[in-house]
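The file entry30.cif contains mmCIF, C-alpha atoms and all ligand atoms:
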data_protein
#
loop_
_atom_site.label_atom_id
_atom_site.label_comp_id
_atom_site.auth_asym_id
_atom_site.auth_seq_id
_atom_site.Cartn_x
_atom_site.Cartn_y
_atom_site.Cartn_z
CA MET A 1 -22.07 -0.54 -3.39
CA LYS A 2 -18.78 -1.42 -1.72
CA ASN A 3 -15.62 0.67 -1.73
CA PHE A 4 -12.13 -0.82 -1.72
CA ILE A 5 -10.40 1.64 0.61
CA THR A 6 -9.10 -0.62 3.36
CA THR A 7 -8.87 -4.40 3.62
CA GLN A 8 -10.08 -4.05 7.21
CA ASN A 9 -13.60 -3.66 5.77
CA TRP A 10 -13.30 -6.99 3.94
CA SER A 11 -13.27 -10.43 5.52
CA ARG A 12 -10.42 -12.86 4.91
CA SER A 13 -12.74 -15.08 2.84
CA GLU A 14 -13.91 -12.12 0.71
CA LEU A 15 -10.27 -11.18 0.09
CA GLN A 16 -9.44 -14.81 -0.71
CA ASP A 17 -12.25 -14.78 -3.30
CA ILE A 18 -10.58 -11.77 -4.94
CA LEU A 19 -7.22 -13.56 -4.90
CA ASP A 20 -8.72 -16.77 -6.33
CA PHE A 21 -10.36 -14.83 -9.14
CA ALA A 22 -7.09 -12.96 -9.77
CA ILE A 23 -5.46 -16.33 -10.52
CA LYS A 24 -8.21 -17.06 -13.06
CA LEU A 25 -7.59 -13.67 -14.68
CA LYS A 26 -3.86 -14.34 -14.69
CA ASN A 27 -4.51 -17.51 -16.68
CA LYS A 28 -7.03 -15.81 -19.00
CA PRO A 29 -6.19 -12.07 -19.06
CA HIS A 30 -8.60 -10.91 -21.77
CA GLN A 31 -12.26 -11.09 -20.73
CA PRO A 32 -14.96 -8.43 -21.34
CA LEU A 33 -15.85 -8.10 -17.65
CA LEU A 34 -15.65 -4.29 -17.67
CA LYS A 35 -17.31 -3.78 -21.05
CA ASP A 36 -19.14 -0.43 -21.09
CA LYS A 37 -17.57 0.47 -17.71
CA SER A 38 -15.38 3.54 -17.16
CA ILE A 39 -12.95 4.08 -14.29
CA ALA A 40 -11.66 7.54 -13.40
CA MET A 41 -8.18 7.33 -11.89
CA LEU A 42 -7.00 10.43 -10.03
CA PHE A 43 -3.28 10.67 -9.32
CA PHE A 44 -2.21 13.34 -6.85
CA ASN A 45 1.26 11.71 -6.74
CA PRO A 46 3.61 9.95 -9.17
CA SER A 47 3.33 6.27 -10.06
CA LEU A 48 4.84 3.71 -12.39
CA ARG A 49 3.30 0.38 -11.33
CA THR A 50 -0.13 1.53 -10.21
CA LYS A 51 -0.85 3.68 -13.23
CA THR A 52 0.38 1.12 -15.75
CA SER A 53 -1.13 -1.96 -14.16
CA PHE A 54 -4.56 -0.36 -13.70
CA GLU A 55 -4.69 1.11 -17.21
CA VAL A 56 -3.50 -2.06 -18.95
CA GLY A 57 -5.70 -4.24 -16.74
CA ILE A 58 -8.82 -2.17 -17.46
CA ASN A 59 -8.08 -2.37 -21.20
CA GLU A 60 -7.68 -6.14 -20.96
CA LEU A 61 -11.19 -6.31 -19.44
CA SER A 62 -12.60 -4.09 -22.23
CA GLY A 63 -13.17 -1.12 -19.89
CA THR A 64 -12.16 2.52 -20.26
CA ALA A 65 -9.57 4.14 -17.99
CA VAL A 66 -9.51 7.93 -17.63
CA ILE A 67 -6.34 9.17 -15.94
CA LEU A 68 -6.37 12.62 -14.32
CA GLN A 69 -3.76 14.53 -12.33
CA PRO A 70 -5.55 17.24 -10.34
CA GLY A 71 -3.49 20.41 -10.26
CA LYS A 72 -1.69 19.39 -13.49
CA ASP A 73 -4.08 18.31 -16.25
CA ALA A 74 -7.24 18.75 -14.14
CA TRP A 75 -8.31 21.56 -11.79
CA PRO A 76 -6.88 21.63 -8.28
CA ILE A 77 -9.46 20.33 -5.77
CA GLU A 78 -10.44 21.54 -2.29
CA PHE A 79 -11.28 18.98 0.43
CA GLY A 80 -11.97 21.18 3.46
CA GLU A 81 -15.59 21.69 4.51
CA ASN A 82 -17.24 25.10 4.88
CA ILE A 83 -14.22 27.11 3.80
CA VAL A 84 -13.79 30.16 1.59
CA MET A 85 -11.99 28.85 -1.49
CA ASP A 86 -9.74 31.85 -2.09
CA GLY A 87 -6.53 29.76 -2.45
CA GLU A 88 -5.26 27.58 -5.32
CA SER A 89 -8.20 25.15 -5.55
CA GLU A 90 -10.70 25.79 -8.34
CA GLU A 91 -13.38 23.30 -7.34
CA HIS A 92 -14.57 21.25 -4.38
CA VAL A 93 -14.56 17.47 -4.02
CA LYS A 94 -18.32 17.73 -3.50
CA GLU A 95 -18.82 18.69 -7.15
CA VAL A 96 -15.86 16.69 -8.52
CA ALA A 97 -17.07 13.43 -6.98
CA GLN A 98 -20.64 13.94 -8.17
CA VAL A 99 -19.59 14.91 -11.69
CA LEU A 100 -17.16 11.99 -12.07
CA SER A 101 -19.84 9.66 -10.68
CA SER A 102 -22.15 10.82 -13.48
CA TYR A 103 -19.57 9.87 -16.15
CA CYS A 104 -17.81 6.87 -14.63
CA ASP A 105 -18.61 3.64 -12.79
CA CYS A 106 -15.72 3.82 -10.34
CA ILE A 107 -13.30 6.43 -8.97
CA ALA A 108 -9.79 5.38 -7.99
CA ILE A 109 -7.56 7.67 -5.93
CA ARG A 110 -3.84 8.00 -5.21
CA ALA A 111 -3.29 10.72 -2.61
CA PHE A 112 -0.29 10.52 -0.31
CA PRO A 113 -0.22 12.38 3.00
CA LYS A 114 1.09 15.95 2.95
CA PHE A 115 3.84 15.09 5.51
CA VAL A 116 3.01 18.18 7.59
CA ASP A 117 0.63 17.13 10.36
CA TRP A 118 0.01 13.43 11.04
CA ASP A 119 -3.12 14.19 13.08
CA HIS A 120 -4.62 15.59 9.89
CA ASP A 121 -3.00 13.15 7.44
CA ARG A 122 -4.25 10.13 9.40
CA THR A 123 -7.82 11.24 8.63
CA ASP A 124 -7.17 10.34 4.95
CA SER A 125 -9.32 13.33 3.96
CA VAL A 126 -8.89 13.08 0.18
CA ILE A 127 -10.21 9.56 -0.34
CA LYS A 128 -12.74 10.00 2.47
CA GLY A 129 -14.01 13.10 0.67
CA PHE A 130 -14.48 11.14 -2.54
CA ALA A 131 -16.15 8.27 -0.67
CA LYS A 132 -18.52 10.73 1.00
CA TYR A 133 -19.68 12.48 -2.17
CA SER A 134 -19.39 9.75 -4.86
CA SER A 135 -22.31 7.59 -5.90
CA VAL A 136 -19.97 4.99 -7.41
CA PRO A 137 -17.41 2.73 -5.68
CA VAL A 138 -14.09 4.29 -4.67
CA VAL A 139 -10.81 2.37 -4.87
CA ASN A 140 -7.65 3.19 -2.93
CA MET A 141 -4.55 3.32 -5.16
CA GLU A 142 -2.45 4.35 -2.08
CA THR A 143 -3.21 6.96 0.52
CA ILE A 144 -2.20 6.09 4.08
CA GLU A 145 -2.85 2.44 3.22
CA HIS A 146 -2.13 0.56 0.00
CA PRO A 147 -4.70 -2.27 -0.18
CA CYS A 148 -4.00 -3.18 -3.83
CA GLN A 149 -0.35 -3.74 -2.92
CA GLU A 150 -1.49 -5.85 0.03
CA LEU A 151 -3.39 -8.27 -2.20
CA ALA A 152 -0.55 -8.50 -4.72
CA HIS A 153 1.79 -9.24 -1.81
CA ILE A 154 -0.43 -12.01 -0.43
CA LEU A 155 -1.06 -13.53 -3.86
CA THR A 156 2.69 -13.70 -4.47
CA LEU A 157 3.33 -15.30 -1.09
CA GLN A 158 0.51 -17.81 -1.64
CA GLU A 159 1.97 -18.71 -5.04
CA HIS A 160 5.27 -19.42 -3.29
CA TYR A 161 4.14 -21.06 -0.04
CA GLY A 162 0.48 -22.06 -0.48
CA ASP A 163 -1.38 -21.55 2.81
CA LEU A 164 0.23 -18.77 4.84
CA THR A 165 -1.34 -19.67 8.17
CA GLY A 166 1.28 -19.81 10.92
CA LYS A 167 4.12 -18.43 8.78
CA ASP A 168 6.60 -16.15 10.55
CA TYR A 169 6.39 -12.75 8.91
CA LEU A 170 8.81 -9.88 9.46
CA LEU A 171 8.13 -6.28 8.43
CA THR A 172 11.42 -4.43 8.70
CA TRP A 173 12.07 -0.71 8.40
CA THR A 174 14.88 -0.09 5.94
CA TYR A 175 16.98 2.95 5.23
CA HIS A 176 16.06 5.67 2.75
CA PRO A 177 17.52 9.19 2.71
CA LYS A 178 14.05 10.77 2.69
CA PRO A 179 11.05 10.30 5.00
CA LEU A 180 8.58 8.17 3.03
CA ASN A 181 4.88 7.33 3.34
CA THR A 182 3.88 4.78 5.99
CA ALA A 183 1.11 3.36 3.76
CA VAL A 184 2.76 0.11 2.65
CA ALA A 185 4.06 -0.56 6.16
CA ASN A 186 0.58 0.00 7.63
CA SER A 187 -0.85 -2.28 4.96
CA SER A 188 1.76 -4.95 5.52
CA LEU A 189 0.73 -5.23 9.18
CA LEU A 190 -2.97 -5.35 8.31
CA ILE A 191 -2.75 -8.05 5.68
CA ALA A 192 -0.11 -10.30 7.22
CA SER A 193 -2.10 -10.39 10.46
CA LYS A 194 -5.38 -10.95 8.62
CA PHE A 195 -3.96 -13.92 6.71
CA GLY A 196 -3.00 -15.81 9.85
CA MET A 197 0.71 -15.13 10.11
CA ASN A 198 2.85 -14.51 13.18
CA VAL A 199 3.79 -10.88 12.64
CA SER A 200 6.91 -9.13 13.81
CA LEU A 201 7.62 -5.42 13.30
CA LEU A 202 11.30 -4.39 13.33
CA CYS A 203 11.98 -0.68 13.85
CA PRO A 204 15.20 1.22 14.57
CA SER A 205 13.63 2.83 17.65
CA GLU A 206 10.28 3.74 19.19
CA ASP A 207 10.30 6.89 17.05
CA TYR A 208 9.60 4.64 14.04
CA LEU A 209 6.58 2.85 15.47
CA LEU A 210 3.61 3.02 13.13
CA ASP A 211 0.33 4.68 14.07
CA ASP A 212 -1.42 2.92 16.97
CA ARG A 213 -4.41 2.35 14.71
CA TYR A 214 -2.38 -0.11 12.62
CA ILE A 215 -0.47 -1.67 15.49
CA GLU A 216 -3.73 -2.31 17.34
CA ALA A 217 -5.51 -3.60 14.23
CA ALA A 218 -2.65 -6.05 13.63
CA ARG A 219 -2.72 -7.13 17.29
CA GLU A 220 -6.47 -7.73 17.05
CA ASN A 221 -6.20 -9.63 13.77
CA CYS A 222 -3.47 -11.82 15.26
CA ALA A 223 -5.48 -12.40 18.44
CA LEU A 224 -8.50 -13.43 16.34
CA GLY A 225 -6.34 -15.79 14.28
CA GLY A 226 -4.50 -17.22 17.30
CA THR A 227 -1.13 -15.94 16.08
CA SER A 228 1.48 -13.67 17.65
CA PHE A 229 2.30 -10.01 17.15
CA ASP A 230 5.50 -8.49 18.45
CA ILE A 231 7.69 -5.43 18.06
CA SER A 232 11.47 -5.73 17.97
CA TYR A 233 14.39 -3.30 17.88
CA ASP A 234 16.99 -6.05 17.50
CA ILE A 235 17.95 -6.90 13.93
CA ASP A 236 19.49 -10.33 14.56
CA THR A 237 16.62 -11.63 16.68
CA ALA A 238 13.95 -10.35 14.32
CA TYR A 239 15.57 -11.83 11.20
CA SER A 240 16.37 -15.17 12.81
CA ASN A 241 12.67 -15.96 13.27
CA ALA A 242 11.55 -14.94 9.77
CA GLU A 243 10.20 -17.04 6.92
CA ILE A 244 9.07 -13.92 5.05
CA VAL A 245 10.95 -10.59 5.09
CA TYR A 246 9.06 -7.55 3.82
CA ALA A 247 11.01 -4.30 3.83
CA LYS A 248 9.82 -0.72 3.70
CA SER A 249 11.22 2.64 4.67
CA TRP A 250 8.97 5.21 6.32
CA GLY A 251 9.34 8.57 7.98
CA CYS A 252 9.24 8.43 11.77
CA LEU A 253 5.97 9.76 13.14
CA SER A 254 7.74 11.28 16.17
CA PHE A 255 9.34 13.95 13.97
CA TYR A 256 6.50 14.13 11.43
CA GLY A 257 6.50 17.45 9.60
CA ASN A 258 10.14 18.15 10.50
CA THR A 259 11.88 16.82 7.40
CA ASP A 260 15.40 17.82 8.50
CA LYS A 261 15.01 15.98 11.79
CA GLN A 262 13.54 12.93 10.03
CA ILE A 263 16.45 12.82 7.57
CA ALA A 264 19.00 13.18 10.38
CA SER A 265 17.25 10.37 12.24
CA ASN A 266 17.15 8.08 9.19
CA ASN A 267 20.86 8.66 8.61
CA GLN A 268 21.66 6.95 11.92
CA TYR A 269 20.16 3.71 10.65
CA LYS A 270 21.75 3.02 7.28
CA HIS A 271 22.71 -0.42 8.63
CA PHE A 272 19.04 -1.47 8.42
CA ILE A 273 19.65 -2.12 4.70
CA VAL A 274 18.52 -5.64 3.77
CA ASP A 275 21.65 -7.60 2.86
CA GLU A 276 22.76 -11.22 2.46
CA ALA A 277 24.15 -11.38 6.00
CA LYS A 278 20.75 -10.54 7.47
CA MET A 279 18.89 -12.86 5.07
CA SER A 280 21.26 -15.69 6.02
CA LEU A 281 19.99 -15.43 9.62
CA THR A 282 16.43 -16.27 8.55
CA LYS A 283 14.61 -19.56 8.22
CA ASN A 284 15.35 -19.65 4.48
CA ALA A 285 13.06 -16.63 4.06
CA VAL A 286 11.73 -15.05 0.91
CA PHE A 287 12.14 -11.29 0.55
CA SER A 288 9.86 -8.72 -1.02
CA HIS A 289 9.36 -4.99 -1.38
CA CYS A 290 6.56 -2.98 -3.00
CA LEU A 291 8.97 -1.05 -5.30
CA PRO A 292 10.26 1.48 -6.23
CA LEU A 293 13.49 0.54 -4.45
CA ARG A 294 16.90 2.25 -4.34
CA ARG A 295 19.42 -0.58 -4.80
CA ASN A 296 22.25 -0.72 -2.27
CA VAL A 297 20.38 1.76 -0.09
CA LYS A 298 17.24 -0.15 0.93
CA ALA A 299 18.44 -3.60 -0.17
CA THR A 300 21.64 -4.82 -1.77
CA ASP A 301 22.05 -6.00 -5.35
CA ALA A 302 22.65 -9.51 -4.04
CA VAL A 303 19.29 -9.56 -2.25
CA MET A 304 17.39 -7.99 -5.15
CA ASP A 305 18.92 -10.45 -7.63
CA ALA A 306 18.49 -13.53 -5.42
CA ASP A 307 15.99 -16.27 -6.29
CA TYR A 308 14.25 -15.59 -2.97
CA CYS A 309 13.42 -11.99 -4.00
CA LEU A 310 9.74 -11.81 -5.03
CA ALA A 311 9.49 -8.05 -5.58
CA VAL A 312 9.06 -8.14 -9.37
CA LYS A 313 6.55 -11.01 -9.16
CA GLU A 314 4.62 -8.99 -6.58
CA ALA A 315 4.58 -5.96 -8.88
CA ALA A 316 3.35 -8.14 -11.77
CA ASN A 317 0.54 -9.48 -9.59
CA ARG A 318 -0.74 -5.94 -9.05
CA LYS A 319 -2.46 -6.10 -12.43
CA HIS A 320 -4.25 -9.39 -11.73
CA VAL A 321 -5.53 -8.46 -8.26
CA GLN A 322 -6.71 -5.03 -9.39
CA LYS A 323 -8.62 -6.54 -12.31
CA SER A 324 -10.21 -8.93 -9.84
CA ILE A 325 -11.10 -6.10 -7.42
CA LEU A 326 -12.71 -4.04 -10.18
CA SER A 327 -14.61 -7.05 -11.51
CA LYS A 328 -15.97 -7.78 -8.03
CA ILE A 329 -17.02 -4.25 -7.06
CA LEU A 330 -18.46 -3.35 -10.48
N1 LIG B 401 4.23 0.00 -5.51
C1 LIG B 401 3.64 1.03 -6.15
O1 LIG B 401 2.51 1.43 -5.83
O2 LIG B 401 4.38 1.53 -7.18
P1 LIG B 401 4.09 2.93 -7.91
O3 LIG B 401 4.30 4.01 -6.86
O4 LIG B 401 5.11 3.01 -9.02
O5 LIG B 401 2.69 2.95 -8.43
#

Have the structure of the file written as structure tokens, please.
Amino acid sequence: MKNFITTQNWSRSELQDILDFAIKLKNKPHQPLLKDKSIAMLFFNPSLRTKTSFEVGINELSGTAVILQPGKDAWPIEFGENIVMDGESEEHVKEVAQVLSSYCDCIAIRAFPKFVDWDHDRTDSVIKGFAKYSSVPVVNMETIEHPCQELAHILTLQEHYGDLTGKDYLLTWTYHPKPLNTAVANSSLLIASKFGMNVSLLCPSEDYLLDDRYIEAARENCALGGTSFDISYDIDTAYSNAEIVYAKSWGCLSFYGNTDKQIASNNQYKHFIVDEAKMSLTKNAVFSHCLPLRRNVKATDAVMDADYCLAVKEAANRKHVQKSILSKIL
């Protein structure tokens, strides 16, 4: 039994197999590969793309999707160990995971960090709790990483460029008025480095550096692949080297848990918006974003509507890669 929680537990060739099969599913969407299989999908946070693409994809493979929102249409769940459950939670992940495992063949989880204490949030306790107590595979639908988005991103880039080895890849922070999850940014570093690209991370300041775990993993992946990894605080230099620009906003870890301070910090860096002037510095780069995206805040209309913007294609590829992941692990 293999979980799909982080791409770091999968080799590049295993991930390429998933991508190759996703292309086959894209060309022939309806196949009974999940016949008699049920997937429980637990959403602790909102979603448009993930919920729709998983549910439609599972239906196309003749499986059954059960969507639950703990605390809304299902009981609130406790994840702490050895605690007196006299708060809001009505049941423990230990029972929930075992019960869902008895009904379903897979459990998929979306659980964002709480944005209070990064030392706790970086333990990814919700999905780890399910992985610990489930007897069926667990799939990450975004926690502190977003591996399904990673594969859709790589598939889209491969469709555009073919082999990505040696491509110059830029992950840039972009402005958003609220502090957002670091998951897609973490994932971007993991997958771009794993697929043999030269990776550059552009941040407004050191306060916006991602967790060392992801920086070091990207460094190691790049070292293994013989490519480069660097961190930049200079917009012009970072863009001028790029063949791929991936943008994401995230809350700075330095002020994690202090929302007012994070917002004040973000507000200094509105000029990190992705615009035509920055894209014109690049080596004819493509642009993408995981979506949702606030137009003219994170990226301009001109960038979003340009031929080089792959964001909608990447979102569409979510369905194909997720169907391929489920087919492989089930
Ligand atoms: N990119 C992504 O996961 O979108 P949703 O939050 O809408 O699912």

Do you have, as a tab-separated table, the list of residues of chain A lying at most 12 Å from ligand LIG 401 (chain B), each with its nearest atom pair and that distance in Å to one decimal, counting only C-alpha atoms and all ligand atoms and ordered by chain then number?
residue	atom	partner	partner_atom	distance
A:Phe43	CA	B:LIG401	O5	9.8
A:Phe44	CA	B:LIG401	O3	11.4
A:Asn45	CA	B:LIG401	O3	8.3
A:Pro46	CA	B:LIG401	O3	6.4
A:Ser47	CA	B:LIG401	O5	3.8
A:Leu48	CA	B:LIG401	O4	3.5
A:Arg49	CA	B:LIG401	O5	3.9
A:Thr50	CA	B:LIG401	O5	3.6
A:Lys51	CA	B:LIG401	O5	6.0
A:Thr52	CA	B:LIG401	O5	7.9
A:Ser53	CA	B:LIG401	O5	8.5
A:Phe54	CA	B:LIG401	O5	9.6
A:Glu55	CA	B:LIG401	O5	11.6
A:Ile109	CA	B:LIG401	O5	11.6
A:Arg110	CA	B:LIG401	O5	8.9
A:Ala111	CA	B:LIG401	O3	11.0
A:Phe112	CA	B:LIG401	O3	10.3
A:Asn140	CA	B:LIG401	O1	10.7
A:Met141	CA	B:LIG401	O1	7.3
A:Glu142	CA	B:LIG401	O1	6.9
A:Thr143	CA	B:LIG401	O1	10.2
A:Ile144	CA	B:LIG401	O1	11.9
A:Glu145	CA	B:LIG401	O1	10.6
A:His146	CA	B:LIG401	O1	7.5
A:Pro147	CA	B:LIG401	O1	9.9
A:Cys148	CA	B:LIG401	O1	8.2
A:Gln149	CA	B:LIG401	N1	6.5
A:Glu150	CA	B:LIG401	N1	9.9
A:Leu151	CA	B:LIG401	N1	11.7
A:Ala152	CA	B:LIG401	N1	9.8
A:His153	CA	B:LIG401	N1	10.2
A:Leu180	CA	B:LIG401	O3	11.6
A:Asn181	CA	B:LIG401	O3	10.7
A:Ala183	CA	B:LIG401	O1	9.9
A:Val184	CA	B:LIG401	N1	8.3
A:Ala185	CA	B:LIG401	N1	11.7
A:Ser187	CA	B:LIG401	N1	11.9
A:Lys248	CA	B:LIG401	N1	10.8
A:Ser288	CA	B:LIG401	N1	11.3
A:His289	CA	B:LIG401	N1	8.3
A:Cys290	CA	B:LIG401	N1	4.5
A:Leu291	CA	B:LIG401	N1	4.9
A:Pro292	CA	B:LIG401	O2	6.0
A:Leu293	CA	B:LIG401	N1	9.3
A:Ala311	CA	B:LIG401	N1	9.6
A:Val312	CA	B:LIG401	N1	10.2
A:Lys313	CA	B:LIG401	N1	11.8
A:Glu314	CA	B:LIG401	N1	9.1
A:Ala315	CA	B:LIG401	N1	6.9
A:Ala316	CA	B:LIG401	N1	10.3
A:Asn317	CA	B:LIG401	N1	11.0
A:Arg318	CA	B:LIG401	N1	8.5
A:Lys319	CA	B:LIG401	O5	11.2
A:Gln322	CA	B:LIG401	O1	11.8

Go ahead and save the picked residues with C-alpha atoms, as an mmCIF file, in the frame of the given file.
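Result file is result.cif:
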data_model
loop_
_atom_site.group_PDB
_atom_site.id
_atom_site.type_symbol
_atom_site.label_atom_id
_atom_site.label_comp_id
_atom_site.auth_asym_id
_atom_site.auth_seq_id
_atom_site.Cartn_x
_atom_site.Cartn_y
_atom_site.Cartn_z
ATOM 1 C CA PHE A 43 -3.280 10.670 -9.320
ATOM 2 C CA PHE A 44 -2.210 13.340 -6.850
ATOM 3 C CA ASN A 45 1.260 11.710 -6.740
ATOM 4 C CA PRO A 46 3.610 9.950 -9.170
ATOM 5 C CA SER A 47 3.330 6.270 -10.060
ATOM 6 C CA LEU A 48 4.840 3.710 -12.390
ATOM 7 C CA ARG A 49 3.300 0.380 -11.330
ATOM 8 C CA THR A 50 -0.130 1.530 -10.210
ATOM 9 C CA LYS A 51 -0.850 3.680 -13.230
ATOM 10 C CA THR A 52 0.380 1.120 -15.750
ATOM 11 C CA SER A 53 -1.130 -1.960 -14.160
ATOM 12 C CA PHE A 54 -4.560 -0.360 -13.700
ATOM 13 C CA GLU A 55 -4.690 1.110 -17.210
ATOM 14 C CA ILE A 109 -7.560 7.670 -5.930
ATOM 15 C CA ARG A 110 -3.840 8.000 -5.210
ATOM 16 C CA ALA A 111 -3.290 10.720 -2.610
ATOM 17 C CA PHE A 112 -0.290 10.520 -0.310
ATOM 18 C CA ASN A 140 -7.650 3.190 -2.930
ATOM 19 C CA MET A 141 -4.550 3.320 -5.160
ATOM 20 C CA GLU A 142 -2.450 4.350 -2.080
ATOM 21 C CA THR A 143 -3.210 6.960 0.520
ATOM 22 C CA ILE A 144 -2.200 6.090 4.080
ATOM 23 C CA GLU A 145 -2.850 2.440 3.220
ATOM 24 C CA HIS A 146 -2.130 0.560 0.000
ATOM 25 C CA PRO A 147 -4.700 -2.270 -0.180
ATOM 26 C CA CYS A 148 -4.000 -3.180 -3.830
ATOM 27 C CA GLN A 149 -0.350 -3.740 -2.920
ATOM 28 C CA GLU A 150 -1.490 -5.850 0.030
ATOM 29 C CA LEU A 151 -3.390 -8.270 -2.200
ATOM 30 C CA ALA A 152 -0.550 -8.500 -4.720
ATOM 31 C CA HIS A 153 1.790 -9.240 -1.810
ATOM 32 C CA LEU A 180 8.580 8.170 3.030
ATOM 33 C CA ASN A 181 4.880 7.330 3.340
ATOM 34 C CA ALA A 183 1.110 3.360 3.760
ATOM 35 C CA VAL A 184 2.760 0.110 2.650
ATOM 36 C CA ALA A 185 4.060 -0.560 6.160
ATOM 37 C CA SER A 187 -0.850 -2.280 4.960
ATOM 38 C CA LYS A 248 9.820 -0.720 3.700
ATOM 39 C CA SER A 288 9.860 -8.720 -1.020
ATOM 40 C CA HIS A 289 9.360 -4.990 -1.380
ATOM 41 C CA CYS A 290 6.560 -2.980 -3.000
ATOM 42 C CA LEU A 291 8.970 -1.050 -5.300
ATOM 43 C CA PRO A 292 10.260 1.480 -6.230
ATOM 44 C CA LEU A 293 13.490 0.540 -4.450
ATOM 45 C CA ALA A 311 9.490 -8.050 -5.580
ATOM 46 C CA VAL A 312 9.060 -8.140 -9.370
ATOM 47 C CA LYS A 313 6.550 -11.010 -9.160
ATOM 48 C CA GLU A 314 4.620 -8.990 -6.580
ATOM 49 C CA ALA A 315 4.580 -5.960 -8.880
ATOM 50 C CA ALA A 316 3.350 -8.140 -11.770
ATOM 51 C CA ASN A 317 0.540 -9.480 -9.590
ATOM 52 C CA ARG A 318 -0.740 -5.940 -9.050
ATOM 53 C CA LYS A 319 -2.460 -6.100 -12.430
ATOM 54 C CA GLN A 322 -6.710 -5.030 -9.390
#

Write out as a PyMOL selection string each polymer residue whose atoms come within 9 Å of Ser125 in chain A, counting all atoms listed in the file; drop sequence neighbours fewer than 5 positions from it.
chain A and resi 79-80+120+130

Could you dump the residues just selected with C-alpha atoms as a short mmCIF file (atom, residue, chain, number, x, y, z; two decimals), in the frame of the given file?
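Contents of result.cif, freshly written:
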data_model
loop_
_atom_site.label_atom_id
_atom_site.label_comp_id
_atom_site.auth_asym_id
_atom_site.auth_seq_id
_atom_site.Cartn_x
_atom_site.Cartn_y
_atom_site.Cartn_z
CA PHE A 79 -11.28 18.98 0.43
CA GLY A 80 -11.97 21.18 3.46
CA HIS A 120 -4.62 15.59 9.89
CA PHE A 130 -14.48 11.14 -2.54
#

How many Å lie between CA of Ser232 in chain A and CA of Leu253 in chain A, rounded to one decimal?
17.1 Å

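Of the listed residues A:Asp36, A:Val321, A:Asp207, A:Met304, the one whose atoms come nearest to Lys261 in chain A is A:Asp207, with distances taken using all atoms listed in the file.
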
One number please: CA of Glu90 in chain A to CA of Ile39 in chain A, in Å, one decimal.
22.6 Å

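Every protein or nucleic acid residue with an atom no more than 9 Å from range 91-93 of chain A, counting only C-alpha atoms and leaving out same-chain residues fewer than 6 positions away, appears here: Trp75, Pro76, Ile77, Glu78, Phe79, Gly80, Glu81, Met85, Val126, Gly129, Phe130 and Tyr133 of chain A.
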